[in-house]
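Student: Here's a structure for you.
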Amino acid sequence: MAVSKVGPDDDAPGPMPAAFRHFLLARMGSSFAYQIVSVALGWQIYAMTGNPLDLGLIGLAQFLPMVALTLFVGHAADRYDRRLIVAVCMALEALCAAALAVSSLAGAGSVPLLYGIVILMSAARAFEAPTLPALLPALVPRPAIPRATAMSTSANKAAQILGPALGGVGYGLGAGWVYCAAALLFIVACAGIATVAVPRQPARKEPVTLASLFAGIRFIFQRRILLGTLSLDLFCVLLGGATALLPVYAKDILHAGPWALGLLRAAPACGAILMSLVLTRRGLRGAIGMQLFAALFVFGLATVVFGLSRSIPLSLVSLAVLGAADSVSMVVRGSLVPLHTPDDMLGRVSAVNTLFIGTSNQLGEFESGVTAALMGTVPAAVLGGIGTIAVAGLWMGWFPELRRLRSLH
């Protein structure tokens, strides 16, 4: 696939379109609400059961709907109005958060009920997550996509700072009120995406066949840059997903309360937003591939430090470094997908990308929960960080074109 060159000033800072600002509002509101729900659910379920395996099961409940729906989600995103899909999903998530609030305020929140609502909410996010970034190329000029991706990452990470803080600190008022706040934020996000002005495109009526459903997977495997980037992120975060164990660290290792859990959950986002702001201003230039691998080595090392820490300040610093390193990978991946994918394939490729992200995050949480139950919390976190470093080293040899990458365009 031929890739056009862009000059050094093609992605220079400048005002973004109003539609993109509405997009940021929607993404930030949805992410803010989801982080609130995640923190509150983790603490609520762990308080009910005291078993770290149940924290892993939350990740599994979030992951399974994504696996089951990925192929259909991508086809829908390439066939129907992407803005409408996202708006409907956010409305459904608002209803799920409201159901969590009602059940908690009524004292009827049981573990099976909580898992059931998580599965329904995750089904909605399975459609929202790949469709939302597929809107981006229609909102900004093509050369501005890397900067828009960095700005979108900043907004998302800002929500991940505020969300855990509100979820952890607000939990002291009761889980029900925290879920009420999440429901309101989902409604704000839905309103934001509904006001995004997207040029109307003719409906795509490609028939649903096995070939069309698997087209996104086939497209990625035919382009080694995309395959290397997505699979690298998949396995690194899968092994280094120590964030699922934060309730255990906050309560049993650092001997603190929900406020500490909120700070621990916010720390990676603090590091990520600072790095995203840097990338928004200066961009990724030069040896982009080597910067990506260096960031993943730092990610693994920071995970090891966090796993061994018994100090809240050291834990917060290591998690912030971890988040900053992960932000580099997110911007590279988030820019390469739309820049190397035609619009009529973007929904399906974005769905596969989201599956990879979900596999690394949600399945990584399940892996961390199972490993912690079998080996202990600290060994699980430390071995995960070492595994991340090992994977990054292997991918440097297996994907030399990724190691030599010098331009996102």
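Going through the structure tokens in order, the chains are called A, B, and so on, while each chain numbers its residues from 1 and the ligands are numbered from 1 in the order shown.
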Report the residues of segment 51-269 of chain A whose backbone DSSP state falls under helix (DSSP H, G or I), written as number ranges by chain.
Tutor: A: 52-79, 82-105, 111-134, 136-138, 142-173, 175-194, 210-213, 215-221, 224-239, 242-253, 258-269
Student: Mind checking which residues fall within 9 Å of segment 210-227 of chain A, counting only C-alpha atoms, ignoring those fewer than 6 positions away in the same chain, and posting them as a PyMOL selection string?
Tutor: chain A and resi 1+71-72+74-75+333+336-337+340-341+345-352+399+401-402+405
Student: Would you export the selected residues with N, CA, C and O atoms as an mmCIF file, in the first residue's frame, please?
Tutor:
data_model
loop_
_atom_site.group_PDB
_atom_site.id
_atom_site.type_symbol
_atom_site.label_atom_id
_atom_site.label_comp_id
_atom_site.auth_asym_id
_atom_site.auth_seq_id
_atom_site.Cartn_x
_atom_site.Cartn_y
_atom_site.Cartn_z
ATOM 1 N N MET A 1 0.850 -1.197 0.000
ATOM 2 C CA MET A 1 0.000 0.000 0.000
ATOM 3 C C MET A 1 0.883 1.243 0.000
ATOM 4 O O MET A 1 1.740 1.413 0.862
ATOM 5 N N LEU A 71 -17.082 -9.068 15.235
ATOM 6 C CA LEU A 71 -17.231 -9.140 13.785
ATOM 7 C C LEU A 71 -18.495 -8.414 13.330
ATOM 8 O O LEU A 71 -18.497 -7.713 12.311
ATOM 9 N N PHE A 72 -19.586 -8.542 14.086
ATOM 10 C CA PHE A 72 -20.851 -7.888 13.719
ATOM 11 C C PHE A 72 -20.775 -6.384 13.959
ATOM 12 O O PHE A 72 -21.351 -5.595 13.214
ATOM 13 N N GLY A 74 -18.077 -4.415 13.704
ATOM 14 C CA GLY A 74 -17.330 -3.792 12.621
ATOM 15 C C GLY A 74 -18.152 -3.654 11.362
ATOM 16 O O GLY A 74 -18.111 -2.623 10.678
ATOM 17 N N HIS A 75 -18.915 -4.679 11.036
ATOM 18 C CA HIS A 75 -19.751 -4.629 9.841
ATOM 19 C C HIS A 75 -20.829 -3.562 9.995
ATOM 20 O O HIS A 75 -21.121 -2.804 9.056
ATOM 21 N N ARG A 333 -0.674 3.532 17.850
ATOM 22 C CA ARG A 333 -1.708 2.621 17.354
ATOM 23 C C ARG A 333 -2.926 3.387 16.845
ATOM 24 O O ARG A 333 -3.459 3.102 15.764
ATOM 25 N N LEU A 336 -2.005 5.015 13.395
ATOM 26 C CA LEU A 336 -1.730 4.108 12.276
ATOM 27 C C LEU A 336 -3.000 3.507 11.704
ATOM 28 O O LEU A 336 -3.115 3.341 10.480
ATOM 29 N N VAL A 337 -3.967 3.168 12.551
ATOM 30 C CA VAL A 337 -5.178 2.501 12.060
ATOM 31 C C VAL A 337 -5.950 3.371 11.070
ATOM 32 O O VAL A 337 -6.205 2.934 9.937
ATOM 33 N N HIS A 340 -3.866 4.217 7.707
ATOM 34 C CA HIS A 340 -3.526 3.113 6.808
ATOM 35 C C HIS A 340 -4.734 2.276 6.424
ATOM 36 O O HIS A 340 -4.579 1.168 5.915
ATOM 37 N N THR A 341 -5.939 2.798 6.672
ATOM 38 C CA THR A 341 -7.158 2.024 6.408
ATOM 39 C C THR A 341 -8.148 2.871 5.608
ATOM 40 O O THR A 341 -8.446 3.998 6.014
ATOM 41 N N MET A 345 -13.489 0.347 5.139
ATOM 42 C CA MET A 345 -13.005 -0.780 5.945
ATOM 43 C C MET A 345 -12.753 -0.368 7.386
ATOM 44 O O MET A 345 -12.483 -1.217 8.230
ATOM 45 N N LEU A 346 -12.847 0.939 7.673
ATOM 46 C CA LEU A 346 -12.374 1.445 8.963
ATOM 47 C C LEU A 346 -13.163 0.885 10.140
ATOM 48 O O LEU A 346 -12.594 0.619 11.204
ATOM 49 N N GLY A 347 -14.477 0.684 9.974
ATOM 50 C CA GLY A 347 -15.270 0.136 11.066
ATOM 51 C C GLY A 347 -14.820 -1.263 11.450
ATOM 52 O O GLY A 347 -14.656 -1.585 12.629
ATOM 53 N N ARG A 348 -14.580 -2.110 10.442
ATOM 54 C CA ARG A 348 -14.182 -3.491 10.733
ATOM 55 C C ARG A 348 -12.763 -3.573 11.286
ATOM 56 O O ARG A 348 -12.485 -4.338 12.209
ATOM 57 N N VAL A 349 -11.859 -2.759 10.746
ATOM 58 C CA VAL A 349 -10.494 -2.745 11.275
ATOM 59 C C VAL A 349 -10.485 -2.170 12.693
ATOM 60 O O VAL A 349 -9.789 -2.684 13.584
ATOM 61 N N SER A 350 -11.265 -1.119 12.924
ATOM 62 C CA SER A 350 -11.355 -0.535 14.259
ATOM 63 C C SER A 350 -11.945 -1.527 15.247
ATOM 64 O O SER A 350 -11.540 -1.565 16.429
ATOM 65 N N ALA A 351 -12.896 -2.356 14.790
ATOM 66 C CA ALA A 351 -13.477 -3.368 15.678
ATOM 67 C C ALA A 351 -12.431 -4.395 16.098
ATOM 68 O O ALA A 351 -12.374 -4.809 17.263
ATOM 69 N N VAL A 352 -11.586 -4.822 15.145
ATOM 70 C CA VAL A 352 -10.528 -5.769 15.490
ATOM 71 C C VAL A 352 -9.524 -5.108 16.434
ATOM 72 O O VAL A 352 -9.053 -5.726 17.402
ATOM 73 N N PHE A 399 9.370 -8.143 14.055
ATOM 74 C CA PHE A 399 8.779 -7.100 13.204
ATOM 75 C C PHE A 399 9.807 -5.989 12.986
ATOM 76 O O PHE A 399 9.674 -4.887 13.521
ATOM 77 N N GLU A 401 10.244 -4.094 10.471
ATOM 78 C CA GLU A 401 9.673 -2.898 9.851
ATOM 79 C C GLU A 401 9.046 -1.968 10.883
ATOM 80 O O GLU A 401 9.035 -0.756 10.724
ATOM 81 N N LEU A 402 8.552 -2.543 11.982
ATOM 82 C CA LEU A 402 8.019 -1.730 13.065
ATOM 83 C C LEU A 402 9.151 -1.044 13.820
ATOM 84 O O LEU A 402 9.048 0.123 14.193
ATOM 85 N N LEU A 405 10.242 2.017 11.896
ATOM 86 C CA LEU A 405 9.191 2.979 11.579
ATOM 87 C C LEU A 405 9.636 4.414 11.916
ATOM 88 O O LEU A 405 10.069 4.685 13.017
#
Student: For Leu100 of chain A, find every residue with an atom within 10 Å (counting only C-alpha atoms), except residues of its own chain fewer than 3 positions away, and show them as a PyMOL selection string.
Tutor: chain A and resi 37+41+94-97+103-106+108-109+113-114+117-118+175-180+182-183
Student: Please produce an output containing all heavy atoms for each residue in the selection, written as a short mmCIF file (atom, residue, chain, number, x, y, z; two decimals), in the first residue's frame.
Tutor:
data_model
loop_
_atom_site.label_atom_id
_atom_site.label_comp_id
_atom_site.auth_asym_id
_atom_site.auth_seq_id
_atom_site.Cartn_x
_atom_site.Cartn_y
_atom_site.Cartn_z
N VAL A 37 -17.90 3.78 37.25
CA VAL A 37 -18.55 2.49 37.43
C VAL A 37 -17.51 1.40 37.73
O VAL A 37 -17.71 0.56 38.63
CB VAL A 37 -19.38 2.11 36.19
CG1 VAL A 37 -19.87 0.67 36.28
CG2 VAL A 37 -20.55 3.07 36.04
N LEU A 41 -17.56 -0.64 41.16
CA LEU A 41 -17.86 -2.07 41.07
C LEU A 41 -16.75 -2.91 41.68
O LEU A 41 -17.00 -3.89 42.40
CB LEU A 41 -18.07 -2.47 39.61
CG LEU A 41 -19.49 -2.44 39.07
CD1 LEU A 41 -19.48 -2.75 37.58
CD2 LEU A 41 -20.38 -3.44 39.81
N ALA A 94 -26.23 4.49 30.06
CA ALA A 94 -26.88 5.31 31.09
C ALA A 94 -27.94 4.51 31.83
O ALA A 94 -28.05 4.59 33.06
CB ALA A 94 -27.50 6.55 30.44
N LEU A 95 -28.69 3.70 31.10
CA LEU A 95 -29.70 2.85 31.74
C LEU A 95 -29.05 1.81 32.65
O LEU A 95 -29.56 1.53 33.74
CB LEU A 95 -30.55 2.16 30.67
CG LEU A 95 -31.50 3.07 29.87
CD1 LEU A 95 -32.19 2.26 28.76
CD2 LEU A 95 -32.55 3.69 30.79
N CYS A 96 -27.94 1.24 32.23
CA CYS A 96 -27.24 0.25 33.06
C CYS A 96 -26.72 0.89 34.35
O CYS A 96 -26.84 0.31 35.44
CB CYS A 96 -26.08 -0.37 32.28
SG CYS A 96 -26.56 -1.46 30.94
N ALA A 97 -26.14 2.10 34.23
CA ALA A 97 -25.66 2.79 35.43
C ALA A 97 -26.83 3.13 36.36
O ALA A 97 -26.70 3.02 37.59
CB ALA A 97 -24.92 4.07 35.03
N SER A 103 -30.40 -0.58 42.31
CA SER A 103 -30.18 -1.81 43.07
C SER A 103 -29.35 -1.55 44.32
O SER A 103 -29.60 -2.12 45.39
CB SER A 103 -29.50 -2.86 42.19
OG SER A 103 -28.21 -2.44 41.80
N SER A 104 -28.35 -0.66 44.22
CA SER A 104 -27.49 -0.37 45.38
C SER A 104 -28.24 0.45 46.43
O SER A 104 -28.13 0.18 47.63
CB SER A 104 -26.23 0.37 44.93
OG SER A 104 -25.47 -0.43 44.05
N LEU A 105 -28.99 1.46 46.00
CA LEU A 105 -29.74 2.28 46.94
C LEU A 105 -30.84 1.49 47.64
O LEU A 105 -31.17 1.75 48.80
CB LEU A 105 -30.35 3.49 46.21
CG LEU A 105 -29.35 4.55 45.73
CD1 LEU A 105 -30.06 5.59 44.86
CD2 LEU A 105 -28.67 5.22 46.92
N ALA A 106 -31.39 0.49 46.93
CA ALA A 106 -32.44 -0.34 47.51
C ALA A 106 -31.88 -1.49 48.34
O ALA A 106 -32.64 -2.26 48.95
CB ALA A 106 -33.34 -0.90 46.42
N ALA A 108 -30.40 -4.09 47.17
CA ALA A 108 -30.68 -5.36 46.49
C ALA A 108 -29.55 -5.78 45.57
O ALA A 108 -29.71 -6.67 44.73
CB ALA A 108 -31.98 -5.23 45.66
N GLY A 109 -28.38 -5.15 45.72
CA GLY A 109 -27.25 -5.46 44.84
C GLY A 109 -26.56 -6.74 45.23
O GLY A 109 -25.82 -6.79 46.21
N LEU A 113 -26.26 -10.19 40.14
CA LEU A 113 -26.93 -9.06 39.48
C LEU A 113 -25.91 -8.06 38.96
O LEU A 113 -26.04 -7.56 37.83
CB LEU A 113 -27.87 -8.37 40.47
CG LEU A 113 -28.56 -7.10 39.95
CD1 LEU A 113 -29.47 -7.42 38.78
CD2 LEU A 113 -29.35 -6.41 41.07
N LEU A 114 -24.89 -7.76 39.75
CA LEU A 114 -23.86 -6.82 39.32
C LEU A 114 -23.15 -7.33 38.07
O LEU A 114 -22.91 -6.57 37.13
CB LEU A 114 -22.86 -6.57 40.45
CG LEU A 114 -23.40 -5.90 41.71
CD1 LEU A 114 -22.30 -5.74 42.75
CD2 LEU A 114 -24.02 -4.56 41.39
N ILE A 117 -25.41 -6.88 34.96
CA ILE A 117 -25.45 -5.51 34.44
C ILE A 117 -24.14 -5.16 33.75
O ILE A 117 -24.12 -4.48 32.71
CB ILE A 117 -25.75 -4.52 35.58
CG1 ILE A 117 -27.15 -4.80 36.15
CG2 ILE A 117 -25.67 -3.08 35.09
CD1 ILE A 117 -27.49 -3.95 37.36
N VAL A 118 -23.02 -5.65 34.30
CA VAL A 118 -21.72 -5.41 33.66
C VAL A 118 -21.70 -6.01 32.25
O VAL A 118 -21.21 -5.39 31.30
CB VAL A 118 -20.58 -6.01 34.51
CG1 VAL A 118 -19.27 -6.03 33.72
CG2 VAL A 118 -20.39 -5.21 35.78
N ALA A 175 -22.44 3.46 47.19
CA ALA A 175 -22.28 3.07 45.79
C ALA A 175 -23.41 3.61 44.92
O ALA A 175 -23.20 4.00 43.77
CB ALA A 175 -22.21 1.54 45.68
N GLY A 176 -24.63 3.65 45.46
CA GLY A 176 -25.77 4.09 44.67
C GLY A 176 -25.61 5.49 44.13
O GLY A 176 -25.92 5.77 42.96
N TRP A 177 -25.12 6.42 44.96
CA TRP A 177 -24.97 7.81 44.52
C TRP A 177 -23.85 7.94 43.49
O TRP A 177 -23.92 8.80 42.59
CB TRP A 177 -24.72 8.71 45.72
CG TRP A 177 -25.86 8.70 46.68
CD1 TRP A 177 -25.89 8.17 47.94
CD2 TRP A 177 -27.18 9.21 46.44
NE1 TRP A 177 -27.13 8.31 48.51
CE2 TRP A 177 -27.94 8.96 47.61
CE3 TRP A 177 -27.79 9.86 45.37
CZ2 TRP A 177 -29.28 9.33 47.71
CZ3 TRP A 177 -29.12 10.23 45.48
CH2 TRP A 177 -29.85 9.97 46.63
N VAL A 178 -22.82 7.13 43.61
CA VAL A 178 -21.74 7.15 42.62
C VAL A 178 -22.27 6.70 41.26
O VAL A 178 -21.97 7.30 40.22
CB VAL A 178 -20.58 6.24 43.06
CG1 VAL A 178 -19.51 6.15 41.99
CG2 VAL A 178 -19.97 6.77 44.36
N TYR A 179 -23.10 5.66 41.25
CA TYR A 179 -23.68 5.19 39.99
C TYR A 179 -24.65 6.21 39.41
O TYR A 179 -24.77 6.32 38.18
CB TYR A 179 -24.40 3.86 40.21
CG TYR A 179 -23.49 2.71 40.61
CD1 TYR A 179 -23.84 1.84 41.66
CD2 TYR A 179 -22.30 2.49 39.95
CE1 TYR A 179 -23.02 0.79 42.02
CE2 TYR A 179 -21.46 1.45 40.30
CZ TYR A 179 -21.83 0.60 41.35
OH TYR A 179 -21.00 -0.44 41.70
N CYS A 180 -25.34 6.98 40.24
CA CYS A 180 -26.20 8.06 39.74
C CYS A 180 -25.37 9.09 38.96
O CYS A 180 -25.79 9.55 37.88
CB CYS A 180 -26.91 8.75 40.90
SG CYS A 180 -28.30 7.82 41.61
N ALA A 182 -22.58 8.55 37.44
CA ALA A 182 -22.16 7.92 36.17
C ALA A 182 -23.29 7.97 35.15
O ALA A 182 -23.05 8.23 33.96
CB ALA A 182 -21.73 6.48 36.43
N ALA A 183 -24.52 7.71 35.57
CA ALA A 183 -25.66 7.74 34.65
C ALA A 183 -25.82 9.13 34.03
O ALA A 183 -26.06 9.27 32.82
CB ALA A 183 -26.93 7.33 35.37
#
Student: Quick one: everything within 12 Å of Ala150 of chain A, counting only C-alpha atoms, minus sequence neighbours fewer than 6 positions away in the same chain. Send it as a list of chain:residue names.
Tutor: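 Non-adjacent residues within range: A:Asp11, A:Pro13, A:Leu24, A:Leu136, A:Ala144, A:Asn156, A:Lys157, A:Ala272, A:Ile273, A:Leu274, A:Met275, A:Ser276, A:Leu277, A:Val278, A:Leu279, A:Thr280, A:Arg281, A:Arg282, A:Gly283, A:Leu284, A:Ser327, A:Val328, A:Ser329, A:Met330, A:Val331, A:Val332, A:Arg333, A:Gly334, A:Ser335.
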Student: Take the residues from that selection and write them out as a PDB file, in the first residue's frame, keeping N, CA and C atoms.
Tutor:
ATOM      1  N   ASP A  11       0.988  18.911  10.069  1.00  0.00           N
ATOM      2  CA  ASP A  11       0.215  18.659  11.271  1.00  0.00           C
ATOM      3  C   ASP A  11       0.541  19.704  12.349  1.00  0.00           C
ATOM      4  N   PRO A  13       0.172  22.811  14.919  1.00  0.00           N
ATOM      5  CA  PRO A  13      -0.969  23.144  15.760  1.00  0.00           C
ATOM      6  C   PRO A  13      -1.864  24.192  15.115  1.00  0.00           C
ATOM      7  N   LEU A  24     -14.889  15.169  21.427  1.00  0.00           N
ATOM      8  CA  LEU A  24     -14.106  15.069  22.655  1.00  0.00           C
ATOM      9  C   LEU A  24     -15.010  15.072  23.887  1.00  0.00           C
ATOM     10  N   LEU A 136     -13.498   9.609  13.663  1.00  0.00           N
ATOM     11  CA  LEU A 136     -12.469  10.645  13.706  1.00  0.00           C
ATOM     12  C   LEU A 136     -12.021  11.138  12.331  1.00  0.00           C
ATOM     13  N   ALA A 144      -4.028  15.922  10.163  1.00  0.00           N
ATOM     14  CA  ALA A 144      -4.173  16.285  11.583  1.00  0.00           C
ATOM     15  C   ALA A 144      -4.566  15.098  12.454  1.00  0.00           C
ATOM     16  N   ASN A 156      -9.455  11.519  27.050  1.00  0.00           N
ATOM     17  CA  ASN A 156      -9.828  10.233  27.631  1.00  0.00           C
ATOM     18  C   ASN A 156      -9.104  10.003  28.955  1.00  0.00           C
ATOM     19  N   LYS A 157      -7.828  10.344  28.978  1.00  0.00           N
ATOM     20  CA  LYS A 157      -7.049  10.136  30.199  1.00  0.00           C
ATOM     21  C   LYS A 157      -7.435  11.136  31.290  1.00  0.00           C
ATOM     22  N   ALA A 272      -0.367   9.480  31.693  1.00  0.00           N
ATOM     23  CA  ALA A 272      -0.755   9.400  30.284  1.00  0.00           C
ATOM     24  C   ALA A 272      -1.161  10.756  29.735  1.00  0.00           C
ATOM     25  N   ILE A 273      -1.889  11.540  30.525  1.00  0.00           N
ATOM     26  CA  ILE A 273      -2.338  12.838  29.997  1.00  0.00           C
ATOM     27  C   ILE A 273      -1.160  13.794  29.835  1.00  0.00           C
ATOM     28  N   LEU A 274      -0.191  13.744  30.737  1.00  0.00           N
ATOM     29  CA  LEU A 274       0.993  14.589  30.577  1.00  0.00           C
ATOM     30  C   LEU A 274       1.752  14.221  29.306  1.00  0.00           C
ATOM     31  N   MET A 275       1.924  12.919  29.069  1.00  0.00           N
ATOM     32  CA  MET A 275       2.603  12.485  27.857  1.00  0.00           C
ATOM     33  C   MET A 275       1.795  12.840  26.613  1.00  0.00           C
ATOM     34  N   SER A 276       0.466  12.691  26.679  1.00  0.00           N
ATOM     35  CA  SER A 276      -0.381  13.020  25.533  1.00  0.00           C
ATOM     36  C   SER A 276      -0.308  14.503  25.199  1.00  0.00           C
ATOM     37  N   LEU A 277      -0.238  15.355  26.230  1.00  0.00           N
ATOM     38  CA  LEU A 277      -0.107  16.788  25.982  1.00  0.00           C
ATOM     39  C   LEU A 277       1.223  17.104  25.303  1.00  0.00           C
ATOM     40  N   VAL A 278       2.283  16.412  25.712  1.00  0.00           N
ATOM     41  CA  VAL A 278       3.577  16.587  25.046  1.00  0.00           C
ATOM     42  C   VAL A 278       3.477  16.166  23.581  1.00  0.00           C
ATOM     43  N   LEU A 279       2.843  15.029  23.337  1.00  0.00           N
ATOM     44  CA  LEU A 279       2.726  14.537  21.965  1.00  0.00           C
ATOM     45  C   LEU A 279       1.812  15.420  21.135  1.00  0.00           C
ATOM     46  N   THR A 280       0.824  16.062  21.782  1.00  0.00           N
ATOM     47  CA  THR A 280      -0.047  16.985  21.059  1.00  0.00           C
ATOM     48  C   THR A 280       0.748  18.186  20.554  1.00  0.00           C
ATOM     49  N   ARG A 281       1.719  18.645  21.345  1.00  0.00           N
ATOM     50  CA  ARG A 281       2.506  19.818  20.968  1.00  0.00           C
ATOM     51  C   ARG A 281       3.612  19.482  19.977  1.00  0.00           C
ATOM     52  N   ARG A 282       4.353  18.412  20.230  1.00  0.00           N
ATOM     53  CA  ARG A 282       5.534  18.150  19.395  1.00  0.00           C
ATOM     54  C   ARG A 282       5.364  16.969  18.455  1.00  0.00           C
ATOM     55  N   GLY A 283       4.376  16.108  18.726  1.00  0.00           N
ATOM     56  CA  GLY A 283       4.170  14.946  17.866  1.00  0.00           C
ATOM     57  C   GLY A 283       5.252  13.896  18.046  1.00  0.00           C
ATOM     58  N   LEU A 284       5.099  12.801  17.332  1.00  0.00           N
ATOM     59  CA  LEU A 284       6.108  11.741  17.311  1.00  0.00           C
ATOM     60  C   LEU A 284       6.906  11.873  16.021  1.00  0.00           C
ATOM     61  N   SER A 327       0.802   5.653  26.957  1.00  0.00           N
ATOM     62  CA  SER A 327       0.235   6.681  26.092  1.00  0.00           C
ATOM     63  C   SER A 327       0.948   6.745  24.752  1.00  0.00           C
ATOM     64  N   VAL A 328       2.244   6.520  24.732  1.00  0.00           N
ATOM     65  CA  VAL A 328       2.996   6.514  23.472  1.00  0.00           C
ATOM     66  C   VAL A 328       2.455   5.419  22.556  1.00  0.00           C
ATOM     67  N   SER A 329       2.261   4.230  23.117  1.00  0.00           N
ATOM     68  CA  SER A 329       1.713   3.123  22.334  1.00  0.00           C
ATOM     69  C   SER A 329       0.316   3.438  21.826  1.00  0.00           C
ATOM     70  N   MET A 330      -0.510   4.071  22.659  1.00  0.00           N
ATOM     71  CA  MET A 330      -1.879   4.391  22.261  1.00  0.00           C
ATOM     72  C   MET A 330      -1.921   5.373  21.095  1.00  0.00           C
ATOM     73  N   VAL A 331      -1.058   6.386  21.126  1.00  0.00           N
ATOM     74  CA  VAL A 331      -1.043   7.373  20.048  1.00  0.00           C
ATOM     75  C   VAL A 331      -0.538   6.752  18.751  1.00  0.00           C
ATOM     76  N   VAL A 332       0.502   5.923  18.838  1.00  0.00           N
ATOM     77  CA  VAL A 332       1.009   5.258  17.627  1.00  0.00           C
ATOM     78  C   VAL A 332      -0.067   4.374  17.023  1.00  0.00           C
ATOM     79  N   ARG A 333      -0.674   3.532  17.850  1.00  0.00           N
ATOM     80  CA  ARG A 333      -1.708   2.621  17.354  1.00  0.00           C
ATOM     81  C   ARG A 333      -2.926   3.387  16.845  1.00  0.00           C
ATOM     82  N   GLY A 334      -3.369   4.391  17.614  1.00  0.00           N
ATOM     83  CA  GLY A 334      -4.550   5.143  17.241  1.00  0.00           C
ATOM     84  C   GLY A 334      -4.371   5.961  15.976  1.00  0.00           C
ATOM     85  N   SER A 335      -3.136   6.308  15.624  1.00  0.00           N
ATOM     86  CA  SER A 335      -2.868   7.050  14.392  1.00  0.00           C
ATOM     87  C   SER A 335      -2.685   6.123  13.202  1.00  0.00           C
TER      88      SER A 335
END
Student: To one decimal place, how far is atom CA of Val88 of chain A from atom CA of Ile58 of chain A in Å?
Tutor: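 Atom CA of Val88 of chain A sits 23.5 Å away from atom CA of Ile58 of chain A.
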Student: Could you jot down the atom CA of Leu25 of chain A to atom CA of Ala266 of chain A separation for me, Å, one decimal place?
Tutor: 19.2 Å
Student: Calculate how many Å separate atom CA of Gly42 of chain A from atom CA of Ala242 of chain A, rounding to one decimal.
Tutor: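 Calculated distance between atom CA of Gly42 of chain A and atom CA of Ala242 of chain A is 13.6 Å.
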Student: Could you name the residues that touch segment 122-132 of chain A at 8 Å or less, counting only C-alpha atoms, but leaving out those on the same chain fewer than 2 positions away, as a PyMOL selection string?
Tutor: chain A and resi 27+61-63+65-66+69-70+73-74+77+82-83+85-86+89-90+92-93+118-120+134-136+347+350-351+353-354
